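Novice: Before anything else, here's the structure in question.
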Amino acid sequence: MEWLYLYMPIAGVTIFWPGLVLIGFSVGVIGGFFGMGGAWMVTPGLNILGFPMAFAIGTDMAHIAGKSMISTIRHSKFGNVDYKLGLIMVLGTFIGIEVGAQLVMYLERLGKVESTVRWIYVGFLALIGTMVFYDYYKATRKKRMGVVEGEKGAEGITWYKTLHRIKIPPVVHFKTAGFTCSVWLPITVSFMTGLLAGFLGIGGGLLRMPALVYLIGCPTHIAVGTDLFEVMISGLYGAFTYSMKGRIELVAVFVMLTGAAVGAQIGTVATKYAKGYGIRIAFGICVVACMVSIILKEFGFSSLSAAIILVTIGLMSAYITVIMIKGAAQELREKKALARSLAKAA
Amino acid sequence: MRLVPKRGRLLTPIVGLLGMAVGWIPDWVWAGGEKATNLVVVADTRRVSGIMKYFANLYNTNTLLFAVWAVVLTVLFGALLGLLMDWLMSRTGIDLKTRKIIEH
């Protein structure tokens, strides 16, 4: 069975390569569907495969950049990427990440911060999870009562409406996302999510996707596409900086990308057949799983923590794949039926 | 006699297998890797050849060029795979250019 193991010249370890393909595939599916990099899933996965932690993060960054590029190409064709909004947010994200990283370094000089950072992360994940489920509960109740607000239908949390009223110039219209607001809104929100991402040492997709929906007012599908565009740019920047530090294993990146190429297509196309609130709820479940795994790790249950992440990845990617297959089969059946009826009429 | 529902009978082995997989797979794949304590800071060029040797050497001697290559190759490989998969997906007959945004 030696052919199943591949030597990584830079990290100096031998890795079970089908595991890399599988991680790439699963995270490709999930990332393409939710619009996030998925570092919280890849890094422990790589570590389980035997990757030294120092190389796992850099390798993960480069893989995420490549994978997000594949997903962005597909989302772009669906019209799910608002490039203007994405580029404006990149600015805020980069400054935020840098400030957050400096803040962590400052706190590190003062004393041990790892545990504090982890608990802050747990707090934010709990907040996001609660927000997602509360939004769903409120929207469903409104829908049952027959309340319909604008094009989006019944909505739960509508904080973005209040924020859109703050018209500090310049005011910009985002055509793809379909709203007008002060340019300072996406800059401020991306700066805050970037700051948190830099402080927590994460990619930020997990924070930015809900921020795009609840604070900026993007429709779910456009939030997914636009966030992936941003993940791609920040991933490339991360890949460069980690390469400069010598913490990247290129062979693993390419092996993972082959799996991610297939997975990203499935995840991205599945968004076409999923409803916005369906995506939000599945996202909320991922957030809760991530939170539970961090809590378990904090209390020393590392294996159980990794197992929870692996089970979540497996179940979620299977669920998304089923959505995609069912939706595509239905669409093809409808197309065939239409062609048949047209042929009969002719 | 207690009647077991059909779904329950199916669910039990599935849950059992899932449980086994969770406990067993990490150890199985872990066997392939070495422990983090064996971390090699300098790339070992003795066990590789050709293009792999070139990149391993570059990693040891010119970090900036290695970083540029890492980014360029990631972009190129990502774009190549994206376009290839795009072409393959277009063969399936699915409409890949339009979608309806339905929130509920």
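Chain identifiers are assigned as A, B, and so on, following the order in which chains appear in the structure tokens; residues are numbered from 1 within each chain, and ligands are numbered from 1 in order of appearance.
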For Val269 (chain A), work out the shell of residues within 10 Å, counting only C-alpha atoms and skipping chain neighbours fewer than 3 positions away, then give it as number ranges by chain.
Specialist: A: 29, 32-33, 71, 74-75, 78, 264-266, 272-274, 320-321, 323-325, 327-328; B: 89, 94-96, 99
Novice: Would you export the selected residues with N, CA and C atoms as a PDB file, in the first residue's frame, please?
Specialist:
ATOM      1  N   VAL A  29     -16.702  21.484  -1.401  1.00  0.00           N
ATOM      2  CA  VAL A  29     -18.172  21.432  -1.422  1.00  0.00           C
ATOM      3  C   VAL A  29     -18.734  22.445  -0.425  1.00  0.00           C
ATOM      4  N   GLY A  32     -17.795  26.221  -1.247  1.00  0.00           N
ATOM      5  CA  GLY A  32     -18.529  26.721  -2.413  1.00  0.00           C
ATOM      6  C   GLY A  32     -19.982  27.010  -2.085  1.00  0.00           C
ATOM      7  N   PHE A  33     -20.525  26.279  -1.116  1.00  0.00           N
ATOM      8  CA  PHE A  33     -21.929  26.421  -0.739  1.00  0.00           C
ATOM      9  C   PHE A  33     -22.147  27.561   0.249  1.00  0.00           C
ATOM     10  N   SER A  71     -14.310  28.354  -7.199  1.00  0.00           N
ATOM     11  CA  SER A  71     -15.698  28.656  -6.820  1.00  0.00           C
ATOM     12  C   SER A  71     -16.127  30.028  -7.331  1.00  0.00           C
ATOM     13  N   ARG A  74     -17.178  30.053 -10.952  1.00  0.00           N
ATOM     14  CA  ARG A  74     -18.527  29.501 -11.136  1.00  0.00           C
ATOM     15  C   ARG A  74     -19.610  30.472 -10.619  1.00  0.00           C
ATOM     16  N   HIS A  75     -19.388  31.025  -9.401  1.00  0.00           N
ATOM     17  CA  HIS A  75     -20.366  31.960  -8.828  1.00  0.00           C
ATOM     18  C   HIS A  75     -20.512  33.201  -9.708  1.00  0.00           C
ATOM     19  N   PHE A  78     -22.936  32.785 -12.404  1.00  0.00           N
ATOM     20  CA  PHE A  78     -24.325  32.821 -11.920  1.00  0.00           C
ATOM     21  C   PHE A  78     -24.754  34.253 -11.606  1.00  0.00           C
ATOM     22  N   ALA A 264     -15.735  22.043  -5.268  1.00  0.00           N
ATOM     23  CA  ALA A 264     -16.175  23.438  -5.398  1.00  0.00           C
ATOM     24  C   ALA A 264     -17.301  23.564  -6.424  1.00  0.00           C
ATOM     25  N   GLN A 265     -17.229  22.779  -7.494  1.00  0.00           N
ATOM     26  CA  GLN A 265     -18.290  22.817  -8.513  1.00  0.00           C
ATOM     27  C   GLN A 265     -19.609  22.336  -7.913  1.00  0.00           C
ATOM     28  N   ILE A 266     -19.527  21.244  -7.163  1.00  0.00           N
ATOM     29  CA  ILE A 266     -20.747  20.678  -6.553  1.00  0.00           C
ATOM     30  C   ILE A 266     -21.360  21.692  -5.581  1.00  0.00           C
ATOM     31  N   LYS A 272     -27.624  26.980  -6.440  1.00  0.00           N
ATOM     32  CA  LYS A 272     -28.679  27.278  -7.410  1.00  0.00           C
ATOM     33  C   LYS A 272     -29.999  26.599  -7.016  1.00  0.00           C
ATOM     34  N   TYR A 273     -29.882  25.451  -6.387  1.00  0.00           N
ATOM     35  CA  TYR A 273     -31.076  24.678  -6.032  1.00  0.00           C
ATOM     36  C   TYR A 273     -31.480  24.846  -4.565  1.00  0.00           C
ATOM     37  N   ALA A 274     -30.707  25.655  -3.832  1.00  0.00           N
ATOM     38  CA  ALA A 274     -31.010  25.823  -2.398  1.00  0.00           C
ATOM     39  C   ALA A 274     -31.641  27.183  -2.154  1.00  0.00           C
ATOM     40  N   ILE A 320     -25.007  18.539   0.918  1.00  0.00           N
ATOM     41  CA  ILE A 320     -24.916  19.496  -0.202  1.00  0.00           C
ATOM     42  C   ILE A 320     -24.871  18.755  -1.540  1.00  0.00           C
ATOM     43  N   THR A 321     -24.123  17.644  -1.564  1.00  0.00           N
ATOM     44  CA  THR A 321     -24.033  16.851  -2.810  1.00  0.00           C
ATOM     45  C   THR A 321     -25.423  16.336  -3.205  1.00  0.00           C
ATOM     46  N   ILE A 323     -28.310  17.758  -2.487  1.00  0.00           N
ATOM     47  CA  ILE A 323     -29.071  18.911  -3.000  1.00  0.00           C
ATOM     48  C   ILE A 323     -28.730  19.134  -4.468  1.00  0.00           C
ATOM     49  N   MET A 324     -27.431  19.079  -4.769  1.00  0.00           N
ATOM     50  CA  MET A 324     -26.973  19.353  -6.133  1.00  0.00           C
ATOM     51  C   MET A 324     -27.488  18.274  -7.110  1.00  0.00           C
ATOM     52  N   ILE A 325     -27.321  17.015  -6.728  1.00  0.00           N
ATOM     53  CA  ILE A 325     -27.730  15.920  -7.619  1.00  0.00           C
ATOM     54  C   ILE A 325     -29.246  15.951  -7.853  1.00  0.00           C
ATOM     55  N   GLY A 327     -31.356  18.491  -7.510  1.00  0.00           N
ATOM     56  CA  GLY A 327     -31.727  19.690  -8.262  1.00  0.00           C
ATOM     57  C   GLY A 327     -31.379  19.562  -9.734  1.00  0.00           C
ATOM     58  N   ALA A 328     -30.166  19.063 -10.012  1.00  0.00           N
ATOM     59  CA  ALA A 328     -29.724  18.923 -11.402  1.00  0.00           C
ATOM     60  C   ALA A 328     -30.597  17.901 -12.134  1.00  0.00           C
TER      61      ALA A 328
ATOM     62  N   MET B  89     -18.538  20.644 -16.621  1.00  0.00           N
ATOM     63  CA  MET B  89     -19.901  20.878 -16.110  1.00  0.00           C
ATOM     64  C   MET B  89     -20.839  21.310 -17.233  1.00  0.00           C
ATOM     65  N   ILE B  94     -26.718  21.203 -17.652  1.00  0.00           N
ATOM     66  CA  ILE B  94     -27.334  22.063 -16.627  1.00  0.00           C
ATOM     67  C   ILE B  94     -27.126  23.524 -17.033  1.00  0.00           C
ATOM     68  N   ASP B  95     -28.141  24.357 -16.764  1.00  0.00           N
ATOM     69  CA  ASP B  95     -28.010  25.782 -17.032  1.00  0.00           C
ATOM     70  C   ASP B  95     -27.088  26.393 -15.968  1.00  0.00           C
ATOM     71  N   LEU B  96     -25.920  26.831 -16.395  1.00  0.00           N
ATOM     72  CA  LEU B  96     -24.942  27.340 -15.427  1.00  0.00           C
ATOM     73  C   LEU B  96     -24.795  28.856 -15.492  1.00  0.00           C
ATOM     74  N   ARG B  99     -29.857  31.785 -12.389  1.00  0.00           N
ATOM     75  CA  ARG B  99     -30.419  31.199 -11.171  1.00  0.00           C
ATOM     76  C   ARG B  99     -31.422  32.173 -10.574  1.00  0.00           C
TER      77      ARG B  99
END
Novice: Select from chain A every residue with an atom at most 7 Å from any atom of chain B, then for each give the shortest pair of atoms and their distance in Å to one decimal, using only C-alpha atoms, rows by chain and rising number, as a tab-separated table.
Specialist:
residue	atom	partner	partner_atom	distance
A:Tyr5	CA	B:Gly32	CA	6.6
A:Pro9	CA	B:Ala43	CA	5.6
A:Ile10	CA	B:Ala43	CA	4.3
A:Ala11	CA	B:Val40	CA	5.8
A:Gly12	CA	B:Val40	CA	5.4
A:Val13	CA	B:Glu34	CA	5.7
A:Thr14	CA	B:Gly33	CA	5.1
A:Ile15	CA	B:Gly33	CA	5.1
A:Phe16	CA	B:Gly32	CA	5.3
A:Ile48	CA	B:Trp30	CA	5.8
A:Leu49	CA	B:Trp30	CA	5.0
A:Gly50	CA	B:Gly33	CA	4.1
A:Phe51	CA	B:Gly33	CA	6.8
A:Pro52	CA	B:Ala36	CA	4.5
A:Ala62	CA	B:Thr74	CA	6.7
A:Gly66	CA	B:Gly78	CA	4.5
A:Lys67	CA	B:Gly78	CA	6.5
A:Met69	CA	B:Gly78	CA	6.1
A:Ile70	CA	B:Gly82	CA	4.4
A:Ile73	CA	B:Gly82	CA	6.8
A:Lys77	CA	B:Lys97	CA	5.4
A:Phe78	CA	B:Lys97	CA	4.9
A:Lys152	CA	B:Glu103	CA	6.4
A:His221	CA	B:Ile101	CA	7.0
A:Leu236	CA	B:Val71	CA	6.3
A:Ala239	CA	B:Val71	CA	6.5
A:Phe240	CA	B:Ala67	CA	5.4
A:Ser243	CA	B:Ala67	CA	4.7
A:Met244	CA	B:Ala67	CA	5.5
A:Leu250	CA	B:Ala70	CA	6.9
A:Ala261	CA	B:Leu81	CA	6.0
A:Lys272	CA	B:Arg99	CA	5.7
A:Lys275	CA	B:Glu103	CA	5.1
A:Gly276	CA	B:Glu103	CA	3.9
A:Tyr277	CA	B:Glu103	CA	5.5
A:Ala307	CA	B:Val22	CA	5.8
A:Ala328	CA	B:Ile94	CA	6.5
A:Leu332	CA	B:Ile94	CA	6.7
Novice: Here is a test: counting only C-alpha atoms, which residue of A:Ile88, A:Ile313, A:Ile128, A:Ile30 is nearest to Val189 (chain A)?
Specialist: A:Ile88
